[in-house]
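Chemist: Here you go, model.txt (compact mmCIF, C-alpha atoms):
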```
# COMPACT_ATOMS: atom_id res chain seq x y z
CA MET A 1 0.00 0.00 0.00
CA ASN A 2 1.13 3.53 -0.70
CA LYS A 3 2.86 4.87 2.41
CA GLN A 4 1.73 8.40 1.58
CA ALA A 5 -1.64 7.51 3.08
CA ASN A 6 -1.84 9.82 6.07
CA LEU A 7 -3.36 9.06 9.44
CA SER A 8 -3.85 11.82 11.99
CA SER A 9 -2.94 11.25 15.63
CA ILE A 10 -6.61 11.22 16.61
CA GLN A 11 -7.43 8.65 13.92
CA LEU A 12 -4.60 6.41 15.14
CA ALA A 13 -5.76 6.84 18.75
CA ILE A 14 -9.34 5.91 17.83
CA LEU A 15 -8.09 2.96 15.78
CA ILE A 16 -6.02 1.73 18.76
CA MET A 17 -8.97 2.12 21.15
CA GLY A 18 -11.37 0.33 18.81
CA PHE A 19 -8.80 -2.41 18.30
CA LEU A 20 -8.19 -2.90 22.04
CA LEU A 21 -11.89 -2.90 22.90
CA GLY A 22 -12.66 -5.27 20.01
CA SER A 23 -14.34 -8.42 21.20
CA THR A 24 -13.39 -7.72 24.85
CA ILE A 25 -16.66 -5.79 25.05
CA ILE A 26 -18.58 -9.08 25.22
CA ILE A 27 -15.94 -11.63 26.31
CA VAL A 28 -14.21 -11.61 29.71
CA PRO A 29 -10.72 -13.10 29.24
CA GLY A 30 -9.59 -12.82 32.90
CA SER A 31 -12.44 -14.86 34.38
CA TYR A 32 -9.96 -17.55 35.49
CA ALA A 33 -9.01 -15.31 38.46
CA LYS A 34 -12.68 -15.22 39.60
CA GLN A 35 -13.31 -12.26 41.96
CA ASP A 36 -9.70 -11.08 41.44
CA ALA A 37 -10.17 -10.63 37.68
CA TRP A 38 -9.94 -6.85 38.08
CA LEU A 39 -6.45 -7.31 39.59
CA ALA A 40 -5.45 -9.40 36.57
CA TYR A 41 -6.69 -6.57 34.30
CA ILE A 42 -4.56 -4.00 36.14
CA MET A 43 -1.47 -6.24 35.88
CA ALA A 44 -2.09 -6.85 32.18
CA TRP A 45 -2.69 -3.15 31.61
CA ILE A 46 0.74 -2.28 33.07
CA GLY A 47 2.35 -5.20 31.19
CA GLY A 48 0.70 -3.99 27.99
CA ILE A 49 2.23 -0.53 28.33
CA LEU A 50 5.68 -2.11 28.86
CA LEU A 51 5.14 -4.36 25.86
CA PHE A 52 4.17 -1.48 23.64
CA SER A 53 7.24 0.45 24.82
CA CYS A 54 9.31 -2.42 23.37
CA TYR A 55 7.36 -2.26 20.08
CA PHE A 56 7.80 1.50 19.96
CA VAL A 57 11.58 1.38 20.60
CA LEU A 58 11.88 -1.30 17.90
CA TYR A 59 9.88 0.84 15.47
CA LYS A 60 11.98 3.94 16.19
CA ARG A 61 15.28 2.06 15.91
CA ALA A 62 14.21 0.51 12.60
CA GLY A 63 13.57 3.94 11.10
CA SER A 64 9.76 3.98 10.84
CA ARG A 65 9.27 0.72 8.99
CA THR A 66 6.43 -1.81 9.13
CA LEU A 67 6.87 -5.12 10.97
CA VAL A 68 7.44 -6.99 7.68
CA GLU A 69 10.16 -4.54 6.65
CA ILE A 70 11.73 -4.73 10.13
CA ASN A 71 11.83 -8.54 9.91
CA ARG A 72 13.52 -8.40 6.53
CA MET A 73 16.01 -5.79 7.68
CA LEU A 74 17.04 -7.54 10.90
CA LEU A 75 16.71 -11.22 9.99
CA GLY A 76 17.72 -11.15 6.35
CA ARG A 77 15.60 -11.79 3.28
CA TRP A 78 14.72 -15.47 3.70
CA LEU A 79 14.36 -15.75 7.47
CA GLY A 80 12.74 -12.31 7.61
CA ASN A 81 10.15 -13.31 5.00
CA LEU A 82 9.49 -16.60 6.81
CA VAL A 83 8.82 -14.78 10.10
CA SER A 84 6.65 -12.28 8.23
CA VAL A 85 4.59 -15.12 6.74
CA LEU A 86 4.07 -16.47 10.28
CA TYR A 87 2.92 -13.02 11.39
CA ILE A 88 0.54 -12.78 8.43
CA TRP A 89 -0.91 -16.13 9.42
CA TYR A 90 -1.26 -14.81 13.00
CA PHE A 91 -3.13 -11.70 11.79
CA ILE A 92 -5.49 -13.80 9.64
CA HIS A 93 -6.05 -16.23 12.51
CA LEU A 94 -6.77 -13.40 14.95
CA ALA A 95 -9.25 -11.84 12.51
CA ALA A 96 -10.94 -15.25 12.05
CA LEU A 97 -11.26 -15.70 15.83
CA VAL A 98 -12.82 -12.26 16.30
CA LEU A 99 -15.14 -12.97 13.37
CA ARG A 100 -16.21 -16.23 15.01
CA ASN A 101 -16.77 -14.42 18.36
CA PHE A 102 -18.97 -12.02 16.48
CA GLY A 103 -20.91 -14.82 14.73
CA GLU A 104 -21.41 -16.83 17.93
CA TYR A 105 -22.62 -13.76 19.80
CA THR A 106 -25.05 -12.91 17.01
CA ILE A 107 -26.62 -16.36 16.81
CA THR A 108 -26.70 -16.76 20.60
CA ALA A 109 -28.04 -13.37 21.63
CA ILE A 110 -29.55 -11.53 18.67
CA LEU A 111 -30.45 -13.64 15.61
CA PRO A 112 -30.81 -17.26 16.78
CA SER A 113 -32.52 -18.47 13.57
CA THR A 114 -29.96 -17.03 11.15
CA PRO A 115 -27.28 -19.43 9.84
CA LEU A 116 -23.76 -18.73 11.08
CA TRP A 117 -22.26 -18.72 7.56
CA PHE A 118 -24.61 -15.96 6.42
CA ILE A 119 -23.55 -13.69 9.30
CA MET A 120 -19.87 -14.35 8.59
CA VAL A 121 -20.22 -13.68 4.85
CA CYS A 122 -22.06 -10.38 5.46
CA TYR A 123 -19.42 -9.26 7.93
CA VAL A 124 -16.49 -10.21 5.67
CA LEU A 125 -18.11 -8.31 2.78
CA VAL A 126 -18.35 -5.12 4.86
CA THR A 127 -14.86 -5.36 6.40
CA GLY A 128 -13.39 -6.42 3.03
CA TYR A 129 -14.85 -3.32 1.41
CA SER A 130 -13.31 -1.16 4.16
CA VAL A 131 -9.91 -2.87 3.79
CA ARG A 132 -9.97 -2.53 0.00
CA SER A 133 -10.64 1.18 0.42
CA GLY A 134 -7.47 1.56 2.51
CA ILE A 135 -6.32 2.48 5.99
CA GLU A 136 -7.69 6.03 5.86
CA VAL A 137 -11.25 4.79 5.25
CA THR A 138 -10.95 2.23 8.06
CA ALA A 139 -9.60 4.92 10.42
CA ARG A 140 -12.32 7.42 9.45
CA THR A 141 -15.02 4.82 10.02
CA ALA A 142 -13.55 4.06 13.44
CA GLU A 143 -13.38 7.80 14.17
CA LEU A 144 -17.10 8.01 13.54
CA ILE A 145 -18.23 5.09 15.67
CA VAL A 146 -15.71 4.25 18.41
CA PRO A 147 -16.43 7.34 20.62
CA PHE A 148 -20.03 6.13 21.02
CA ILE A 149 -18.75 2.84 22.44
CA PHE A 150 -16.97 4.74 25.24
CA LEU A 151 -20.00 6.82 26.04
CA PHE A 152 -22.14 3.69 26.08
CA GLN A 153 -19.77 1.77 28.36
CA LEU A 154 -19.47 4.71 30.77
CA ALA A 155 -23.24 5.23 30.79
CA ILE A 156 -23.89 1.54 31.57
CA PHE A 157 -21.32 1.63 34.36
CA ALA A 158 -22.98 4.71 35.88
CA VAL A 159 -26.58 3.50 35.50
CA LEU A 160 -25.79 0.20 37.25
CA ILE A 161 -23.98 1.77 40.25
CA PRO A 162 -27.01 1.44 42.62
CA TYR A 163 -27.16 -2.32 41.90
CA TYR A 164 -23.48 -3.13 42.58
CA ASP A 165 -22.84 -5.77 45.20
CA PHE A 166 -19.30 -5.13 46.42
CA THR A 167 -19.16 -8.43 48.32
CA ASN A 168 -18.80 -10.03 44.84
CA VAL A 169 -15.24 -8.67 44.53
CA LYS A 170 -14.18 -10.00 47.96
CA PRO A 171 -12.12 -11.71 49.34
CA ILE A 172 -9.08 -10.32 47.55
CA LEU A 173 -6.40 -12.91 46.64
CA ALA A 174 -8.31 -15.68 48.45
CA GLU A 175 -6.65 -18.37 46.28
CA GLY A 176 -3.22 -16.71 46.20
CA ILE A 177 -1.45 -14.85 43.43
CA LYS A 178 -1.09 -17.78 40.97
CA PRO A 179 -4.59 -17.64 39.40
CA VAL A 180 -4.25 -13.85 39.10
CA LEU A 181 -0.92 -14.20 37.28
CA LYS A 182 -2.39 -16.80 34.91
CA ALA A 183 -5.42 -14.61 34.22
CA GLY A 184 -3.10 -11.61 33.87
CA LEU A 185 -1.19 -13.42 31.11
CA SER A 186 -4.51 -14.22 29.44
CA VAL A 187 -5.57 -10.54 29.48
CA LEU A 188 -2.08 -9.37 28.44
CA THR A 189 -2.20 -11.50 25.30
CA PHE A 190 -5.89 -10.75 24.65
CA PRO A 191 -6.25 -7.82 23.93
CA PHE A 192 -3.19 -5.76 24.98
CA GLY A 193 -0.38 -7.75 23.32
CA GLU A 194 -2.39 -8.02 20.11
CA SER A 195 -1.39 -4.41 19.51
CA ILE A 196 1.66 -5.87 17.69
CA VAL A 197 -0.69 -5.65 14.67
CA LEU A 198 -0.42 -1.86 14.90
CA LEU A 199 3.28 -2.02 13.98
CA MET A 200 1.99 -2.47 10.43
CA PHE A 201 0.26 0.94 10.54
CA LEU A 202 2.59 3.23 12.47
CA PRO A 203 4.57 4.31 9.36
CA TYR A 204 1.31 5.71 7.91
CA LEU A 205 0.98 8.30 10.69
CA HIS A 206 1.23 11.91 9.50
CA HIS A 207 3.32 13.17 12.45
CA SER A 208 5.45 10.27 13.66
CA ARG A 209 6.65 12.30 16.68
CA SER A 210 3.24 12.02 18.33
CA ILE A 211 3.01 8.21 18.21
CA LYS A 212 4.17 7.62 21.79
CA LYS A 213 1.80 10.19 23.28
CA THR A 214 -1.09 9.00 21.10
CA TYR A 215 -0.55 5.38 21.98
CA ILE A 216 -0.21 5.91 25.74
CA ILE A 217 -3.33 8.10 25.95
CA SER A 218 -5.44 5.69 23.88
CA PHE A 219 -4.04 2.71 25.78
CA LEU A 220 -4.93 4.30 29.13
CA ILE A 221 -8.45 5.19 27.99
CA ALA A 222 -9.18 1.77 26.43
CA GLY A 223 -7.64 -0.05 29.42
CA GLY A 224 -9.69 2.09 31.80
CA VAL A 225 -12.91 1.29 29.97
CA LEU A 226 -12.07 -2.43 30.03
CA LEU A 227 -11.31 -2.25 33.75
CA LEU A 228 -14.62 -0.52 34.43
CA GLY A 229 -16.34 -3.22 32.37
CA ILE A 230 -14.86 -6.15 34.32
CA PHE A 231 -15.52 -4.42 37.64
CA ARG A 232 -19.13 -3.79 36.60
CA ASP A 233 -19.64 -7.42 35.55
CA LEU A 234 -18.06 -8.73 38.76
CA ALA A 235 -20.06 -6.41 41.01
CA ILE A 236 -23.35 -7.24 39.27
CA MET A 237 -23.05 -10.93 38.41
CA GLY A 238 -20.31 -12.27 40.67
CA ALA A 239 -17.41 -14.51 39.61
CA GLY A 240 -19.48 -17.72 39.67
CA GLU A 241 -22.09 -16.48 37.23
CA ILE A 242 -19.45 -14.96 34.93
CA GLY A 243 -17.77 -18.39 34.75
CA ARG A 244 -21.08 -20.01 33.72
CA THR A 245 -22.02 -17.58 30.93
CA LEU A 246 -20.55 -17.13 27.47
CA PHE A 247 -21.05 -13.38 27.13
CA PRO A 248 -21.27 -11.88 30.65
CA PRO A 249 -21.68 -8.18 29.65
CA HIS A 250 -24.81 -9.11 27.70
CA TYR A 251 -26.44 -10.46 30.88
CA THR A 252 -25.13 -7.59 33.04
CA ILE A 253 -26.87 -5.07 30.83
CA GLN A 254 -30.13 -7.00 31.11
CA ARG A 255 -30.12 -6.20 34.86
CA ILE A 256 -30.97 -2.56 34.20
CA PRO A 257 -34.60 -2.34 35.35
CA GLY A 258 -37.16 -1.00 32.86
CA LEU A 259 -34.63 -0.66 30.04
CA ASN A 260 -34.00 -3.25 27.32
CA ILE A 261 -30.75 -2.16 25.65
CA ASP A 262 -28.87 -5.45 25.33
CA SER A 263 -29.22 -5.34 21.54
CA LEU A 264 -27.43 -1.98 21.63
CA LEU A 265 -24.44 -3.78 23.15
CA GLY A 266 -24.53 -6.04 20.08
CA VAL A 267 -24.47 -3.00 17.80
CA PHE A 268 -21.44 -1.59 19.60
CA PHE A 269 -19.73 -4.96 19.50
CA PHE A 270 -20.28 -5.12 15.73
CA MET A 271 -18.53 -1.76 15.48
CA SER A 272 -15.55 -2.42 17.76
CA GLY A 273 -15.18 -5.99 16.48
CA GLY A 274 -15.34 -4.59 12.95
CA THR A 275 -12.48 -2.19 13.72
CA LYS A 276 -10.38 -5.04 15.07
CA ILE A 277 -11.10 -7.34 12.12
CA CYS A 278 -10.34 -4.49 9.69
CA CYS A 279 -6.99 -3.84 11.42
CA CYS A 280 -5.94 -7.51 11.26
CA TYR A 281 -7.28 -7.97 7.71
CA LEU A 282 -5.50 -4.81 6.54
CA ALA A 283 -2.25 -5.76 8.30
CA ALA A 284 -2.31 -9.16 6.53
CA THR A 285 -2.92 -7.64 3.08
CA ILE A 286 -0.28 -4.89 3.55
CA GLY A 287 2.18 -7.54 4.78
CA LEU A 288 1.53 -9.73 1.74
CA SER A 289 1.97 -6.83 -0.66
CA GLN A 290 5.31 -5.99 0.97
CA ILE A 291 6.55 -9.59 0.92
CA THR A 292 5.70 -9.98 -2.77
CA ASN A 293 7.08 -6.50 -3.62
CA SER A 294 3.67 -5.53 -4.92
CA ARG A 295 2.67 -1.86 -4.83
CA ASP A 296 -0.97 -2.48 -4.12
CA HIS A 297 -2.55 -4.39 -1.22
CA ARG A 298 -6.01 -4.52 -2.81
CA PRO A 299 -5.67 -7.68 -4.94
CA PHE A 300 -5.11 -9.68 -1.74
CA VAL A 301 -8.40 -8.58 -0.17
CA ILE A 302 -10.56 -11.23 -1.91
CA PRO A 303 -8.32 -14.29 -1.27
CA ILE A 304 -7.78 -13.28 2.38
CA GLY A 305 -11.53 -12.69 2.75
CA MET A 306 -12.21 -16.21 1.46
CA ILE A 307 -9.67 -17.68 3.91
CA LEU A 308 -11.17 -15.62 6.76
CA THR A 309 -14.70 -16.84 6.06
CA GLY A 310 -13.69 -20.48 5.73
CA LEU A 311 -11.34 -20.43 8.71
CA SER A 312 -13.82 -18.73 11.03
CA LEU A 313 -16.43 -21.43 10.24
CA TRP A 314 -13.97 -24.30 10.43
CA VAL A 315 -11.89 -23.26 13.44
CA TYR A 316 -14.25 -24.34 16.28
CA ASP A 317 -17.14 -26.74 16.66
CA SER A 318 -19.05 -24.71 19.25
CA ALA A 319 -19.16 -21.49 21.28
CA PRO A 320 -17.91 -23.08 24.57
CA GLU A 321 -14.95 -24.56 22.66
CA MET A 322 -14.23 -21.09 21.25
CA LEU A 323 -14.24 -19.54 24.72
CA ALA A 324 -12.09 -22.29 26.26
CA TRP A 325 -9.55 -21.96 23.44
CA ALA A 326 -9.42 -18.18 23.77
CA ILE A 327 -8.76 -18.42 27.51
CA GLU A 328 -6.54 -21.52 27.77
CA VAL A 329 -4.61 -21.88 24.50
CA TRP A 330 -4.45 -18.36 23.03
CA PRO A 331 -2.08 -16.90 25.69
CA TYR A 332 0.60 -19.55 25.03
CA TYR A 333 0.09 -19.49 21.26
CA SER A 334 0.49 -15.69 21.27
CA LEU A 335 3.65 -15.54 23.37
CA PRO A 336 6.12 -15.97 20.47
CA PHE A 337 4.30 -13.42 18.28
CA GLN A 338 3.65 -10.81 20.96
CA ILE A 339 6.70 -11.14 23.23
CA PHE A 340 9.53 -13.48 22.13
CA ILE A 341 10.00 -12.43 18.46
CA PRO A 342 9.61 -8.65 19.09
CA LEU A 343 12.10 -8.88 21.99
CA LEU A 344 14.52 -10.85 19.80
CA LEU A 345 14.16 -8.21 17.07
CA LEU A 346 14.78 -5.47 19.63
CA ILE A 347 17.95 -7.20 20.89
CA LEU A 348 19.10 -7.68 17.28
CA SER A 349 18.48 -4.01 16.57
CA PHE A 350 20.76 -3.10 19.49
CA ILE A 351 23.42 -5.61 18.40
CA LYS A 352 23.41 -4.32 14.83
CA GLY A 353 23.50 -0.80 16.25
CA LYS A 354 24.71 1.86 13.87
CA LYS A 355 24.77 -0.50 10.88
CA MET A 356 20.98 -0.25 10.72
CA ALA A 357 21.03 3.51 10.31
CA MET B 358 -25.36 -27.63 -4.88
CA ALA B 359 -23.47 -25.58 -2.28
CA ASN B 360 -20.18 -26.46 -3.95
CA ILE B 361 -21.43 -25.29 -7.36
CA ILE B 362 -22.61 -21.98 -5.89
CA LEU B 363 -19.24 -21.62 -4.16
CA ALA B 364 -17.39 -22.23 -7.43
CA ILE B 365 -19.50 -19.61 -9.25
CA VAL B 366 -19.01 -17.04 -6.46
CA CYS B 367 -15.25 -17.65 -6.36
CA PHE B 368 -14.99 -17.29 -10.13
CA ALA B 369 -16.98 -14.04 -9.99
CA LEU B 370 -14.67 -12.73 -7.26
CA PHE B 371 -11.62 -13.78 -9.29
CA LEU B 372 -12.94 -11.74 -12.24
CA ILE B 373 -12.76 -8.59 -10.08
CA ASP B 374 -9.00 -9.05 -9.70
CA PHE B 375 -8.41 -10.43 -13.20
CA PRO B 376 -7.46 -7.10 -14.89
CA VAL B 377 -4.75 -6.48 -12.24
CA LEU B 378 -3.45 -10.04 -12.51
CA TYR B 379 -3.41 -9.91 -16.32
CA LYS B 380 -1.29 -6.74 -16.35
CA SER B 381 1.08 -7.83 -13.58
CA GLN B 382 4.62 -8.98 -14.43
CA ASN B 383 5.43 -9.77 -10.78
CA LYS B 384 5.78 -13.56 -10.46
CA GLN B 385 5.94 -13.49 -6.66
CA PHE B 386 2.65 -11.62 -6.53
CA LEU B 387 0.94 -13.96 -9.01
CA THR B 388 2.19 -17.06 -7.15
CA ALA B 389 1.07 -15.69 -3.78
CA TYR B 390 -2.33 -14.74 -5.19
CA GLY B 391 -2.86 -18.19 -6.72
CA PHE B 392 -1.78 -19.96 -3.55
CA LEU B 393 -4.06 -17.84 -1.35
CA MET B 394 -7.03 -18.37 -3.70
CA LEU B 395 -6.53 -22.14 -3.54
CA LEU B 396 -6.14 -21.98 0.25
CA GLY B 397 -9.32 -19.92 0.54
CA LEU B 398 -11.21 -22.35 -1.67
CA ALA B 399 -9.93 -25.32 0.36
CA THR B 400 -10.98 -23.82 3.72
CA LEU B 401 -14.40 -22.91 2.32
CA ILE B 402 -14.91 -26.45 0.95
CA ILE B 403 -13.89 -27.96 4.31
CA ALA B 404 -16.23 -25.61 6.18
CA ILE B 405 -19.23 -25.98 3.87
CA ASN B 406 -19.06 -29.78 3.53
CA GLU B 407 -18.08 -30.19 7.21
CA LEU B 408 -15.23 -32.49 6.19
CA PRO B 409 -13.58 -34.34 9.09
CA VAL B 410 -10.31 -32.38 8.92
CA ALA B 411 -8.74 -31.19 12.18
CA SER B 412 -8.92 -27.39 12.37
CA PRO B 413 -5.76 -25.29 12.83
CA ALA B 414 -6.97 -24.41 16.35
CA LYS B 415 -6.95 -28.10 17.34
CA LEU B 416 -3.51 -28.66 15.82
CA ILE B 417 -2.14 -25.61 17.63
CA GLU B 418 -3.69 -26.80 20.90
CA LYS B 419 -2.09 -30.24 20.45
CA LEU B 420 1.30 -28.67 19.67
CA ILE B 421 1.16 -26.34 22.69
CA LYS B 422 0.16 -29.22 24.97
CA GLN B 423 3.19 -31.17 23.74
CA VAL B 424 5.52 -28.21 24.24
CA MET B 425 4.13 -27.35 27.68
CA GLY B 426 4.04 -30.99 28.79
CA GLY B 427 0.24 -31.13 29.08
CA SER B 428 0.02 -28.35 31.66
CA VAL B 429 -2.33 -26.19 29.54
```
Could you show the structure in this file as structure tokens?

Modeler:
Amino acid sequence: MNKQANLSSIQLAILIMGFLLGSTIIIVPGSYAKQDAWLAYIMAWIGGILLFSCYFVLYKRAGSRTLVEINRMLLGRWLGNLVSVLYIWYFIHLAALVLRNFGEYTITAILPSTPLWFIMVCYVLVTGYSVRSGIEVTARTAELIVPFIFLFQLAIFAVLIPYYDFTNVKPILAEGIKPVLKAGLSVLTFPFGESIVLLMFLPYLHHSRSIKKTYIISFLIAGGVLLLGIFRDLAIMGAGEIGRTLFPPHYTIQRIPGLNIDSLLGVFFFMSGGTKICCCYLAATIGLSQITNSRDHRPFVIPIGMILTGLSLWVYDSAPEMLAWAIEVWPYYSLPFQIFIPLLLLILSFIKGKKMA
Amino acid sequence: MANIILAIVCFALFLIDFPVLYKSQNKQFLTAYGFLMLLGLATLIIAINELPVASPAKLIEKLIKQVMGGSV
């Protein structure tokens, strides 16, 4: 894709916030820690900021290049391209998982009689159109819709305050620190560490000096909203009920007396999930165009869309399997992509030192 | 019937990209495009016909269990 495409700081911030909120609006990844899930969120939030600092230093040292270009520069042509292909697979897989979350939520909570494949195809058509139009269109769409998600989340948190049962978040650390650490890793890798995808977009920012400030502000806001969300769910439903339900926020919102707005949560999930899928989808197509030395990312939109649709239908047999995989397997699967390889690249960038410049 | 519809849809989608592919001299790009189209078609066929092929998620889970010594 043409690197002259310009993103403003606000557009990048909104894109980051939409990406981080993504499917976390309806799924609670830290539920393993039970009533201490909020502690796991705080730990992951801090870990996420540290992780992004590594990504940012790597990006700055590599002279404002995308992840694919960084791989090629630091690892050489063949190994660099191999690692880039693995990353492209990871982006496609992540997009397929979010797409499946979206489909399962739709058929469970909103449209139970609609076939899953139809929902997936409709969603891929919309996100594919956005990706084909380029990063600016995706960012502008996010700019238009993501602020409403924040207002909605804050409003729900405030409206439910009279119904909070604070005994649900006690006792603190009753089962020790181990479950909190495990849940913290789960939250760190989903959604905070997934921000590795954004390394594909940072070179498109208009003023590259403002990246650090933009990222930290958006990260704090998105993390804060997620923390409020988990605290709200815990205080309303309790850890036991959260563990028994697939989409806890959906049931929390139903507790608001005299107001039926659970379908509105679905609408906001479609928007934030759409932003996340667009980011992953776009990162995969941009990565492919760079690997193949092609100027345009658009011809890859249709093949990747076909893979996304097929993979999202094929990847799990059921919604509980999807949730179990996201909580138990995803953190370990993500470790190389989110932590090990970026750290290795960072070390290599320091070893190569001035040669890189 | 579903497979025939899938084939028609895929061909129609391919026609959208055909002008770009026809003009392109970049072999890497053409190879990658062809490979991804075939991969997309294969995943769609597996998903539509519900063929008994282990999904990537299951293979990854198995691999991680082996690496972690079954502690996941």

Chemist: Distance cut-off 7 Å, counting all atoms listed in the file - which residues of chain B neighbour chain A? Return them as a list in words.

Modeler: Leu370, Asp374, Gln385, Phe386, Tyr390, Leu393, Met394, Leu396, Gly397, Leu398, Thr400, Leu401, Ala404, Ser412, Pro413, Ala414, Glu418 and Val429 of chain B

Chemist: Interatomic distance between CA of Thr108 in chain A and CA of Gln35 in chain A?

Modeler: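 Rounded to one decimal, the two atoms are 25.6 Å apart.
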
Chemist: Show which residues sit within 10 Å of Asn360 in chain B, as number ranges by chain. Count all atoms listed in the file, and ignore same-chain residues fewer than 3 positions away.

Modeler: B: 363-366, 401-402, 405-406

Chemist: Would you compute the distance between CA of Ala359 in chain B and CA of Phe102 in chain A? Give it in Å to one decimal.

Modeler: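 We find that CA of Ala359 in chain B and CA of Phe102 in chain A lie 23.6 Å from each other.
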
Chemist: Which protein, DNA or RNA residues are at most 12 Å from (-2.5, -1.7, 33.0) in the file's coordinates when you count only C-alpha atoms, listed as a ChimeraX atom specification?

Modeler: /A:38-52,184-185,187-188,191-193,216,219-227

Chemist: Write the residues of the selection above to a file with C-alpha atoms, as a PDB file, in the coordinates of the input.

Modeler:
```
ATOM      1  CA  TRP A  38      -9.940  -6.850  38.080  1.00  0.00           C
ATOM      2  CA  LEU A  39      -6.450  -7.310  39.590  1.00  0.00           C
ATOM      3  CA  ALA A  40      -5.450  -9.400  36.570  1.00  0.00           C
ATOM      4  CA  TYR A  41      -6.690  -6.570  34.300  1.00  0.00           C
ATOM      5  CA  ILE A  42      -4.560  -4.000  36.140  1.00  0.00           C
ATOM      6  CA  MET A  43      -1.470  -6.240  35.880  1.00  0.00           C
ATOM      7  CA  ALA A  44      -2.090  -6.850  32.180  1.00  0.00           C
ATOM      8  CA  TRP A  45      -2.690  -3.150  31.610  1.00  0.00           C
ATOM      9  CA  ILE A  46       0.740  -2.280  33.070  1.00  0.00           C
ATOM     10  CA  GLY A  47       2.350  -5.200  31.190  1.00  0.00           C
ATOM     11  CA  GLY A  48       0.700  -3.990  27.990  1.00  0.00           C
ATOM     12  CA  ILE A  49       2.230  -0.530  28.330  1.00  0.00           C
ATOM     13  CA  LEU A  50       5.680  -2.110  28.860  1.00  0.00           C
ATOM     14  CA  LEU A  51       5.140  -4.360  25.860  1.00  0.00           C
ATOM     15  CA  PHE A  52       4.170  -1.480  23.640  1.00  0.00           C
ATOM     16  CA  GLY A 184      -3.100 -11.610  33.870  1.00  0.00           C
ATOM     17  CA  LEU A 185      -1.190 -13.420  31.110  1.00  0.00           C
ATOM     18  CA  VAL A 187      -5.570 -10.540  29.480  1.00  0.00           C
ATOM     19  CA  LEU A 188      -2.080  -9.370  28.440  1.00  0.00           C
ATOM     20  CA  PRO A 191      -6.250  -7.820  23.930  1.00  0.00           C
ATOM     21  CA  PHE A 192      -3.190  -5.760  24.980  1.00  0.00           C
ATOM     22  CA  GLY A 193      -0.380  -7.750  23.320  1.00  0.00           C
ATOM     23  CA  ILE A 216      -0.210   5.910  25.740  1.00  0.00           C
ATOM     24  CA  PHE A 219      -4.040   2.710  25.780  1.00  0.00           C
ATOM     25  CA  LEU A 220      -4.930   4.300  29.130  1.00  0.00           C
ATOM     26  CA  ILE A 221      -8.450   5.190  27.990  1.00  0.00           C
ATOM     27  CA  ALA A 222      -9.180   1.770  26.430  1.00  0.00           C
ATOM     28  CA  GLY A 223      -7.640  -0.050  29.420  1.00  0.00           C
ATOM     29  CA  GLY A 224      -9.690   2.090  31.800  1.00  0.00           C
ATOM     30  CA  VAL A 225     -12.910   1.290  29.970  1.00  0.00           C
ATOM     31  CA  LEU A 226     -12.070  -2.430  30.030  1.00  0.00           C
ATOM     32  CA  LEU A 227     -11.310  -2.250  33.750  1.00  0.00           C
TER      33      LEU A 227
END
```

Chemist: Would you compute the distance between CA of Thr189 in chain A and CA of Ser334 in chain A? Give it in Å to one decimal.

Modeler: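 A separation of 6.4 Å between them.
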
Chemist: From the set B:Met425, B:Ile362, B:Ile417, B:Gly391, which residue has the shortest atom-to-atom contact distance to Leu378 in chain B, counting only C-alpha atoms?

Modeler: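 Checking each candidate against Leu378 in chain B, we get B:Gly391 as the closest.
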
Chemist: With distances taken over only C-alpha atoms, which residue among A:Ala284, A:Phe350, A:Ala235, A:Leu228 lies nearest Ile25 in chain A?

Modeler: A:Leu228

Chemist: Residues near Ser8 in chain A, anyone? I mean within 10 Å using all atoms listed in the file, not counting same-chain ones fewer than 2 positions away, as a ChimeraX atom specification.

Modeler: /A:6,10-14,136,139-140,204-208,210-211,214

Chemist: Please provide the set of residues having any atom within 10 Å of Tyr59 in chain A, restricted to only C-alpha atoms, with same-chain residues fewer than 3 positions apart removed, written as JSON, numbers by chain.

Modeler: {"A": [53, 54, 55, 56, 62, 63, 64, 65, 66, 67, 70, 199, 200, 202, 203, 346, 349]}

Chemist: Which residue out of A:Phe166, A:Trp89, A:Phe268, A:Tyr105 has the minimum interatomic distance to Pro248 in chain A when only C-alpha atoms are used?

Modeler: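 That would be A:Tyr105, the residue with the smallest distance to Pro248 in chain A.
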
Chemist: Compare A:Lys34, A:Arg132, A:Arg61, A:Lys276 by their minimum atom-to-atom distance to Val180 in chain A, counting all atoms listed in the file, and give me the closest one.

Modeler: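 Of A:Lys34, A:Arg132, A:Arg61, A:Lys276, the one nearest Val180 in chain A is A:Lys34, counting all atoms listed in the file.
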